[in-house]
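Below is one structure, written out as structure tokens, with a few remarks after it.
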Amino acid sequence: MGALLLSACATVSTAEACKTYCTTQDDGYQWAQQSNLYDAAPCAGYTRDFTAGCRQAVVDAQLSRNPRKDY
């Protein structure tokens, strides 16, 4: 039963691969936002800039889900 509960909590991204405009940091950020990513795994395999933008969008999305109240 524990494994069942853990699998229910896992979120698997089903984002389609980026096909156009997949090189700049802004491209990565926009793609991650449009794909509603909350996990950075799909960000891998692109240029360094694209990946950095994608990962930043994931961090921003995670923070928007769970904002810090200390600020």
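Note on naming: chains are A, B, ... as they come in the structure tokens, residues start from 1 per chain, ligands start from 1 in the order shown.
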> Got a sec: who's within 10 Å of A:Thr23, counting only C-alpha atoms, leaving out chain neighbours fewer than 4 positions off, as a list in words?
Replying inline: Cys18, Asp27, Gly28, Tyr46, Thr47, Arg48, Asp49, Phe50, Thr51 and Gly53 of chain A
> Do you know which residues are at most 9 Å from A:Leu37 counting only C-alpha atoms, after dropping those on the same chain fewer than 5 positions away, and could you put them as a ChimeraX atom specification?
Replying inline: /A:13-15,31-32,42,54,57-58,61-62
> What does the distance from atom CA of A:Ala40 to atom CA of A:Arg55 come to in Å, to one decimal?
Replying inline: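 Result for atom CA of A:Ala40 versus atom CA of A:Arg55: 5.6 Å, one decimal.
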> Closest to A:Glu16 among A:Tyr38, A:Val59, A:Cys43, A:Asn66, using only C-alpha atoms?
Replying inline: A:Cys43
